[in-house]
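Note sheet for the following structure.
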Amino acid sequence: MEKSEEKPGWRKGNFYVNPYLGGLMLGLVLLATFYITGRGLGASGAVKNTVVTTVHTLAPAHAESSHYYSKFLSTNTQPMNNWLVFEVLGVLAGAFLSGLIYNRLNFRIEHSPKITSRRRLIFAFAGGMLFGFGSQLARGCTSGAALSGMAVLSAAGFITMMAIFGTAYVFAYILRKNWI
Amino acid sequence: MNKRYLILSALLILAGIGLVILPQKSKNKELTPEELLMAIKDPSRFVSTDLITDRIIKKDPSLVIVDVRPAKEFKIFSLPGSVNIPMDSLLSGASMAILKPEGKDKVFCSDDDILADQAWQIFKRLNISNIFIMKTGVNGWINTIMKDNPPLPTEDSRAYDLYSFRKAARQYFQGKDATSSSNRQQNDNKDNPAVPKKEKLNLQKSTNTKPAGGGC
Amino acid sequence: MTGPLIPLGYIPEAWNNVFAVLLGMGFGFTLESSGFSSSRKIMGTFYGYDFVVLKVFFTAAITAVVGLLYLDQIGWADFSAMYVLPTYMAAAITGGVIMGMGFAMGGYCPGTSFCAVAIGKIDALLFSAGLLVGIFIFSEAFPLMEKIYESGNLGALRVNEALGISAGLFTFLLILIALGMFWVATIVQGKVKKVEY
């Protein structure tokens, strides 16, 4: 990892590590995750666990009778789902640390100058909804299904990756006014 | 900068070529006694009859049930979809072809779980992955799934859920038997006519050996 | 010691959550420092002005798979003991298409949105809230989706098995494809008008 924080340019908030170096570091983290735990990294699973736990707390009978929630309620699978919650807490901490080092910590809404903040926020929320929905159907998101799946050569990982990026290219063209 | 990338690309391609020409590591390197002991101590090698039932009903293609009882007993009664490999032909080439695929969960069963456990230990030692034992065996399966054991009124809701699951499973299998009662005795592992689900199943996966949902 | 360490019992289960936090930190740090906390940087891949997602994503996947296969070769890790997400063809494709739509609209994926939340992006916070709502809707609408969710189960299928080639050969082809994509991406990026963000 980068050590030479003395260089002034690194703290201007627009420095990013070389993408290949970043990819190598990410790959090593993923490799370590597989080596230690036998599973990959994830992100949407933690949100799912939050939803399941919340619904179970507020309406236990409803959660237990639902076919979907009940899949994740039995005591034995709980630790594995918790694993992802701890992992996501780590992600938040790690990203915060990186933001601190590279001087990127500030509250803001990032959007193209051609659109309003309001429009950006509405699209972000709608996009999140679709992503959350799709991640449950595909049993994982870009990290859990695509990236971790590809690392163990899972067919599902490659199919999901191609479906995500293929569709995103099509919709990015349709929505280009939002971004460029 | 450009030169550096070329060198890195060349290294990566070399690493790839290395993977192509290196021999496929033979998976049946035998386990040492220590490794075998560790594997035997792990209780997750046993799976419950309920979990197997659930996967049979869902027609899970990654499930292979290997019945190690003698062929005669297998003919009289066997689990739907199970394959018969009697103990004496356990190490034949045909049985290795069934047990080798890594992506499948191979579950041994016998009358109880003693014979199945012996078979498991032989294959564990040969370093065959994803093998399990059906706890309490075929007899246990009949007792838990095919017989009616209503829970006591004092038991909690989980016991009732389990009971209703078993009841639904029983209806499923008996419905299947009823439609194919003529060839019921030969009961080999092929073409049982599919019967639509009678009741939605809701299983508490309490002894799941693999996490139910995907990661992410 | 043969990996995976925790499932094979070399490290007690109790350490699981400690490793979860540490590995998560590594994950978050690398994502943020590569620029995945900026939706406009991420979206560059789809408009050709910044291919960081493509480069990081494929370099990471290749590093992990090459590393795992070599560790398996020298006997330090058991590749066959790693968890493989089961392949449900219809669900994977439909889910992927829905996620792709969400990606183009929101500009994040779940992992990157958490990174962006950590450095104070309000849009990412809304995206994460959307994730919660989307997952809640899916869970409630599950009876409608159950058929497609469970259909086309091919089990824990590996892509090289599906293609009938060895894992090593597939990885080699993957490396060639990725290097080709990096090369094309660099050329395209040089030609496309820079976007300030």
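By convention here, the chains of the structure tokens are called A, B, ... in the order presented, each chain's residues are numbered starting at 1, and ligands are numbered starting at 1 in the order presented.
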Alpha helix (DSSP H) positions in stretch 34-136 of chain C, given as a PDB file with C-alpha atoms, in the first residue's frame:
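Saved result, result02.pdb, follows:
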```pdb
ATOM      1  CA  SER C  34      -9.057   3.077  -6.917  1.00  0.00           C
ATOM      2  CA  SER C  39     -20.247   7.399  -9.508  1.00  0.00           C
ATOM      3  CA  ARG C  40     -19.053   9.588 -12.354  1.00  0.00           C
ATOM      4  CA  LYS C  41     -15.713   7.798 -12.426  1.00  0.00           C
ATOM      5  CA  ILE C  42     -17.480   4.439 -12.403  1.00  0.00           C
ATOM      6  CA  MET C  43     -19.805   5.469 -15.215  1.00  0.00           C
ATOM      7  CA  GLY C  44     -16.782   6.443 -17.309  1.00  0.00           C
ATOM      8  CA  THR C  45     -16.518   2.792 -18.332  1.00  0.00           C
ATOM      9  CA  PHE C  46     -19.848   3.064 -20.137  1.00  0.00           C
ATOM     10  CA  TYR C  47     -19.038   6.304 -21.963  1.00  0.00           C
ATOM     11  CA  VAL C  52     -11.146   2.186 -14.176  1.00  0.00           C
ATOM     12  CA  VAL C  53     -13.994  -0.236 -13.360  1.00  0.00           C
ATOM     13  CA  LEU C  54     -13.106  -2.567 -16.203  1.00  0.00           C
ATOM     14  CA  LYS C  55      -9.401  -2.516 -15.352  1.00  0.00           C
ATOM     15  CA  VAL C  56      -9.753  -2.966 -11.603  1.00  0.00           C
ATOM     16  CA  PHE C  57     -12.513  -5.555 -11.878  1.00  0.00           C
ATOM     17  CA  PHE C  58     -10.741  -7.828 -14.338  1.00  0.00           C
ATOM     18  CA  THR C  59      -7.295  -7.421 -12.784  1.00  0.00           C
ATOM     19  CA  ALA C  60      -8.777  -8.389  -9.422  1.00  0.00           C
ATOM     20  CA  ALA C  61     -10.665 -11.408 -10.764  1.00  0.00           C
ATOM     21  CA  ILE C  62      -7.597 -12.648 -12.646  1.00  0.00           C
ATOM     22  CA  THR C  63      -5.269 -12.088  -9.686  1.00  0.00           C
ATOM     23  CA  ALA C  64      -7.614 -14.090  -7.463  1.00  0.00           C
ATOM     24  CA  VAL C  65      -8.172 -16.964  -9.845  1.00  0.00           C
ATOM     25  CA  VAL C  66      -4.505 -17.270 -10.867  1.00  0.00           C
ATOM     26  CA  GLY C  67      -3.519 -17.085  -7.192  1.00  0.00           C
ATOM     27  CA  LEU C  68      -6.052 -19.708  -6.151  1.00  0.00           C
ATOM     28  CA  LEU C  69      -5.068 -22.084  -8.940  1.00  0.00           C
ATOM     29  CA  TYR C  70      -1.360 -21.784  -8.110  1.00  0.00           C
ATOM     30  CA  LEU C  71      -2.041 -22.222  -4.386  1.00  0.00           C
ATOM     31  CA  ASP C  72      -4.027 -25.320  -5.327  1.00  0.00           C
ATOM     32  CA  GLN C  73      -1.142 -26.560  -7.497  1.00  0.00           C
ATOM     33  CA  MET C  89     -29.578 -19.755 -15.373  1.00  0.00           C
ATOM     34  CA  ALA C  90     -32.827 -17.775 -15.672  1.00  0.00           C
ATOM     35  CA  ALA C  91     -32.435 -16.066 -12.303  1.00  0.00           C
ATOM     36  CA  ALA C  92     -28.813 -15.079 -12.963  1.00  0.00           C
ATOM     37  CA  ILE C  93     -29.639 -13.508 -16.321  1.00  0.00           C
ATOM     38  CA  THR C  94     -32.840 -11.743 -15.213  1.00  0.00           C
ATOM     39  CA  GLY C  95     -31.230 -10.537 -11.998  1.00  0.00           C
ATOM     40  CA  GLY C  96     -28.184  -9.349 -13.921  1.00  0.00           C
ATOM     41  CA  VAL C  97     -30.327  -7.412 -16.392  1.00  0.00           C
ATOM     42  CA  ILE C  98     -32.236  -5.695 -13.568  1.00  0.00           C
ATOM     43  CA  MET C  99     -28.963  -4.895 -11.816  1.00  0.00           C
ATOM     44  CA  GLY C 100     -27.555  -3.492 -15.073  1.00  0.00           C
ATOM     45  CA  MET C 101     -30.513  -1.110 -15.301  1.00  0.00           C
ATOM     46  CA  GLY C 102     -29.977  -0.068 -11.709  1.00  0.00           C
ATOM     47  CA  PHE C 103     -26.277   0.391 -12.386  1.00  0.00           C
ATOM     48  CA  ALA C 104     -26.867   2.799 -15.272  1.00  0.00           C
ATOM     49  CA  MET C 105     -29.449   4.741 -13.275  1.00  0.00           C
ATOM     50  CA  GLY C 106     -27.709   4.887  -9.929  1.00  0.00           C
ATOM     51  CA  PRO C 110     -23.831  -2.067  -3.557  1.00  0.00           C
ATOM     52  CA  GLY C 111     -20.167  -2.392  -2.516  1.00  0.00           C
ATOM     53  CA  THR C 112     -19.093   0.857  -4.145  1.00  0.00           C
ATOM     54  CA  SER C 113     -22.093   2.736  -2.755  1.00  0.00           C
ATOM     55  CA  PHE C 114     -20.991   1.805   0.789  1.00  0.00           C
ATOM     56  CA  CYS C 115     -17.527   3.198   0.011  1.00  0.00           C
ATOM     57  CA  ALA C 116     -19.084   6.405  -1.247  1.00  0.00           C
ATOM     58  CA  VAL C 117     -21.294   6.642   1.846  1.00  0.00           C
ATOM     59  CA  ALA C 118     -18.178   6.336   3.989  1.00  0.00           C
ATOM     60  CA  ILE C 122     -25.321  11.917  -0.244  1.00  0.00           C
ATOM     61  CA  ASP C 123     -26.324  10.317  -3.570  1.00  0.00           C
ATOM     62  CA  ALA C 124     -24.740   7.054  -2.424  1.00  0.00           C
ATOM     63  CA  LEU C 125     -26.749   7.231   0.789  1.00  0.00           C
ATOM     64  CA  LEU C 126     -29.917   7.424  -1.301  1.00  0.00           C
ATOM     65  CA  PHE C 127     -28.671   4.516  -3.413  1.00  0.00           C
ATOM     66  CA  SER C 128     -28.121   2.424  -0.283  1.00  0.00           C
ATOM     67  CA  ALA C 129     -31.581   3.326   0.969  1.00  0.00           C
ATOM     68  CA  GLY C 130     -32.874   2.215  -2.425  1.00  0.00           C
ATOM     69  CA  LEU C 131     -31.082  -1.113  -1.937  1.00  0.00           C
ATOM     70  CA  LEU C 132     -32.928  -1.681   1.329  1.00  0.00           C
ATOM     71  CA  VAL C 133     -36.266  -0.869  -0.284  1.00  0.00           C
ATOM     72  CA  GLY C 134     -35.512  -2.979  -3.364  1.00  0.00           C
ATOM     73  CA  ILE C 135     -34.584  -6.005  -1.270  1.00  0.00           C
ATOM     74  CA  PHE C 136     -37.662  -5.491   0.877  1.00  0.00           C
TER      75      PHE C 136
END
```
- Task: Can you pull out every residue within 8 Å of C:Gly28, counting only C-alpha atoms, but drop anything in the same chain fewer than 2 positions away, and send it as a VMD selection string?
- Result: (chain A and resid 90 to 95) or (chain C and resid 24 to 26 30 to 32 115)
- Item | DSSP-assigned strand (DSSP E or B) members of stretch 22-184 of chain B, reported as a PyMOL selection string | chain B and resi 46-47+63-67+83-84+105-109+131-134
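Using only C-alpha atoms, the contacts of C:Phe172 at a cut-off of 7 Å, with sequence neighbours closer than 6 positions omitted, comprise Gly16, Ile17 and Val20 of chain B.
Counting only C-alpha atoms, the residue from C:Leu157, C:Leu169, C:Leu179, C:Ala14 that sits nearest to chain A is C:Leu157.
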- Near chain B, which residues of chain C fall within 9 Å when you count only C-alpha atoms, and what do they look like as a PyMOL selection string? chain C and resi 8-9+66+69-70+72-75+80-81+83-86+150+153-158+166-176+179
Show me, as JSON lines, the residues of stretch 25-121 of chain A having an atom within 7 Å of stretch 142-147 of chain A, each with the closest atom pair and its distance in Å, using only C-alpha atoms.
```
{"residue": "A:Gly40", "atom": "CA", "partner": "A:Gly144", "partner_atom": "CA", "distance": 6.5}
{"residue": "A:Leu41", "atom": "CA", "partner": "A:Gly144", "partner_atom": "CA", "distance": 5.6}
{"residue": "A:Gly42", "atom": "CA", "partner": "A:Gly144", "partner_atom": "CA", "distance": 4.1}
{"residue": "A:Ala43", "atom": "CA", "partner": "A:Ser143", "partner_atom": "CA", "distance": 6.5}
```
Output the selection as a PDB file, in the first residue's frame - N, CA, C and O atoms for each residue.
```pdb
ATOM      1  N   GLY A  40     -16.235 -15.845  -0.962  1.00  0.00           N
ATOM      2  CA  GLY A  40     -15.795 -14.560  -1.479  1.00  0.00           C
ATOM      3  C   GLY A  40     -16.286 -13.389  -0.654  1.00  0.00           C
ATOM      4  O   GLY A  40     -16.810 -13.556   0.449  1.00  0.00           O
ATOM      5  N   LEU A  41     -16.086 -12.205  -1.222  1.00  0.00           N
ATOM      6  CA  LEU A  41     -16.567 -10.984  -0.587  1.00  0.00           C
ATOM      7  C   LEU A  41     -18.006 -10.746  -1.008  1.00  0.00           C
ATOM      8  O   LEU A  41     -18.494 -11.364  -1.946  1.00  0.00           O
ATOM      9  N   GLY A  42     -18.671  -9.846  -0.322  1.00  0.00           N
ATOM     10  CA  GLY A  42     -20.054  -9.555  -0.694  1.00  0.00           C
ATOM     11  C   GLY A  42     -20.463  -8.190  -0.205  1.00  0.00           C
ATOM     12  O   GLY A  42     -19.728  -7.521   0.518  1.00  0.00           O
ATOM     13  N   ALA A  43     -21.620  -7.764  -0.638  1.00  0.00           N
ATOM     14  CA  ALA A  43     -22.118  -6.475  -0.163  1.00  0.00           C
ATOM     15  C   ALA A  43     -23.633  -6.517   0.026  1.00  0.00           C
ATOM     16  O   ALA A  43     -24.140  -6.211   1.098  1.00  0.00           O
TER      17      ALA A  43
END
```
- Extract, using only C-alpha atoms, all DNA, RNA and protein residues at most 8 Å from A:Val29, discarding same-chain residues fewer than 3 positions from it, and format them as a count of residues only. 7
- Contacts of A:Phe34 within 8 Å, only C-alpha atoms, excl. fewer than 6 positions in-chain, as a PyMOL selection string: (chain A and resi 40) or (chain C and resi 3-4+82)
- Determine which residues of chain A sit within 6 Å of chain B, taking into account only C-alpha atoms, and present them as a ChimeraX atom specification. /A:42-45,76-77,139-141,144
Residues just named, written with N, CA, C and O atoms as a PDB file, in the first residue's frame:
```pdb
ATOM      1  N   GLY A  42     -18.671  -9.846  -0.322  1.00  0.00           N
ATOM      2  CA  GLY A  42     -20.054  -9.555  -0.694  1.00  0.00           C
ATOM      3  C   GLY A  42     -20.463  -8.190  -0.205  1.00  0.00           C
ATOM      4  O   GLY A  42     -19.728  -7.521   0.518  1.00  0.00           O
ATOM      5  N   ALA A  43     -21.620  -7.764  -0.638  1.00  0.00           N
ATOM      6  CA  ALA A  43     -22.118  -6.475  -0.163  1.00  0.00           C
ATOM      7  C   ALA A  43     -23.633  -6.517   0.026  1.00  0.00           C
ATOM      8  O   ALA A  43     -24.140  -6.211   1.098  1.00  0.00           O
ATOM      9  N   SER A  44     -24.367  -6.950  -1.008  1.00  0.00           N
ATOM     10  CA  SER A  44     -25.828  -6.874  -0.888  1.00  0.00           C
ATOM     11  C   SER A  44     -26.352  -7.861   0.154  1.00  0.00           C
ATOM     12  O   SER A  44     -27.425  -7.644   0.716  1.00  0.00           O
ATOM     13  N   GLY A  45     -25.601  -8.937   0.423  1.00  0.00           N
ATOM     14  CA  GLY A  45     -26.040  -9.898   1.437  1.00  0.00           C
ATOM     15  C   GLY A  45     -26.189  -9.253   2.802  1.00  0.00           C
ATOM     16  O   GLY A  45     -27.077  -9.628   3.585  1.00  0.00           O
ATOM     17  N   ASN A  76     -28.740 -21.838  11.927  1.00  0.00           N
ATOM     18  CA  ASN A  76     -27.450 -22.314  11.443  1.00  0.00           C
ATOM     19  C   ASN A  76     -26.838 -21.459  10.348  1.00  0.00           C
ATOM     20  O   ASN A  76     -25.622 -21.387  10.216  1.00  0.00           O
ATOM     21  N   THR A  77     -27.677 -20.812   9.544  1.00  0.00           N
ATOM     22  CA  THR A  77     -27.104 -19.998   8.478  1.00  0.00           C
ATOM     23  C   THR A  77     -26.831 -18.578   8.948  1.00  0.00           C
ATOM     24  O   THR A  77     -26.207 -17.804   8.264  1.00  0.00           O
ATOM     25  N   ARG A 139     -29.002 -13.900  -6.655  1.00  0.00           N
ATOM     26  CA  ARG A 139     -28.294 -14.441  -5.479  1.00  0.00           C
ATOM     27  C   ARG A 139     -26.959 -13.749  -5.236  1.00  0.00           C
ATOM     28  O   ARG A 139     -26.036 -14.341  -4.693  1.00  0.00           O
ATOM     29  N   GLY A 140     -26.835 -12.508  -5.588  1.00  0.00           N
ATOM     30  CA  GLY A 140     -25.600 -11.779  -5.309  1.00  0.00           C
ATOM     31  C   GLY A 140     -25.446 -10.618  -6.261  1.00  0.00           C
ATOM     32  O   GLY A 140     -26.076 -10.583  -7.309  1.00  0.00           O
ATOM     33  N   CYS A 141     -24.590  -9.652  -5.865  1.00  0.00           N
ATOM     34  CA  CYS A 141     -24.427  -8.465  -6.701  1.00  0.00           C
ATOM     35  C   CYS A 141     -23.100  -8.523  -7.434  1.00  0.00           C
ATOM     36  O   CYS A 141     -22.531  -9.589  -7.621  1.00  0.00           O
ATOM     37  N   GLY A 144     -20.522 -10.066  -4.755  1.00  0.00           N
ATOM     38  CA  GLY A 144     -20.771 -11.430  -4.298  1.00  0.00           C
ATOM     39  C   GLY A 144     -20.934 -12.427  -5.423  1.00  0.00           C
ATOM     40  O   GLY A 144     -20.436 -13.546  -5.343  1.00  0.00           O
TER      41      GLY A 144
END
```
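Nearest residue to B:Leu51 among B:Gln174, B:Val107, B:Met146, B:Glu30 is B:Val107, counting only C-alpha atoms.
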- re atom CA of C:Glu13 and atom CA of A:Ser148: distance 21.3 Å
Can you pull out every residue within 8 Å of C:Gln189, counting only C-alpha atoms, but drop anything in the same chain fewer than 6 positions away, and send it as a compact mmCIF listing (two decimals) with N, CA and C atoms, in the first residue's frame?
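Final output, out15.txt:
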```
# COMPACT_ATOMS: atom_id res chain seq x y z
N GLY C 48 -16.71 5.65 -22.03
CA GLY C 48 -15.38 5.61 -22.65
C GLY C 48 -14.41 6.66 -22.15
N TYR C 49 -14.77 7.45 -21.13
CA TYR C 49 -13.80 8.45 -20.67
C TYR C 49 -12.95 7.98 -19.51
N ASP C 50 -13.31 6.87 -18.88
CA ASP C 50 -12.50 6.35 -17.78
C ASP C 50 -12.83 4.87 -17.57
N PHE C 51 -11.88 4.00 -17.87
CA PHE C 51 -12.17 2.57 -17.80
C PHE C 51 -11.71 1.93 -16.49
```
